[in-house]
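Everything below concerns the one structure shown next.
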Amino acid sequence: MLKWIIILLIVAAAASLLGMPALAGAAATGARILIGIVLVIFLLVVLGIFAVT
């Protein structure tokens, strides 16, 4: 999962350097969505651990 976030950020950086704002925006949005999903899963796991103990 982390690998995909890094790949999307690299694609966004490369696209912005090459002057492709649409692709850069799409890659950045994809990375943001993935980071959001990871954070939600992490929070659910942490809350689940607290609920069990």
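In the structure tokens, the first chain shown is A, the next is B, and so on; residue numbers restart at 1 for each chain, and ligands run from 1 in the order shown.
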Neighbouring residues of Leu23 of chain A were defined as those with any atom within 9 Å, considering only C-alpha atoms; residues of the same chain fewer than 6 positions away were excluded. Please report them as a list in words.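 Within the cut-off, the hits are Val11, Ala12, Ala15 and Ser16 of chain A.
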Surrounding residues of Ala13 of chain A excluding itself and chain neighbours under 6 positions, 10 Å, only C-alpha atoms, as a list in words: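 Final neighbour list, sorted by chain and number: Ile7, Gly19, Met20, Pro21, Leu23, Ala24, Gly25, Ala27 and Ala28 of chain A.
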For Gly30 of chain A, work out the shell of residues within 9 Å, counting only C-alpha atoms and skipping chain neighbours fewer than 5 positions away, then give it as a ChimeraX atom specification. /A:5,8-9,25,35
Using only C-alpha atoms, which of A:Gly48, A:Leu17, A:Thr53, A:Ile10 sits nearest Ala31 of chain A?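 Among A:Gly48, A:Leu17, A:Thr53, A:Ile10, it is A:Ile10 that comes nearest to Ala31 of chain A.
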Interatomic distance (Å, one decimal) between atom CA of Met1 of chain A and atom CA of Val45 of chain A: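 We find that atom CA of Met1 of chain A and atom CA of Val45 of chain A lie 16.1 Å from each other.
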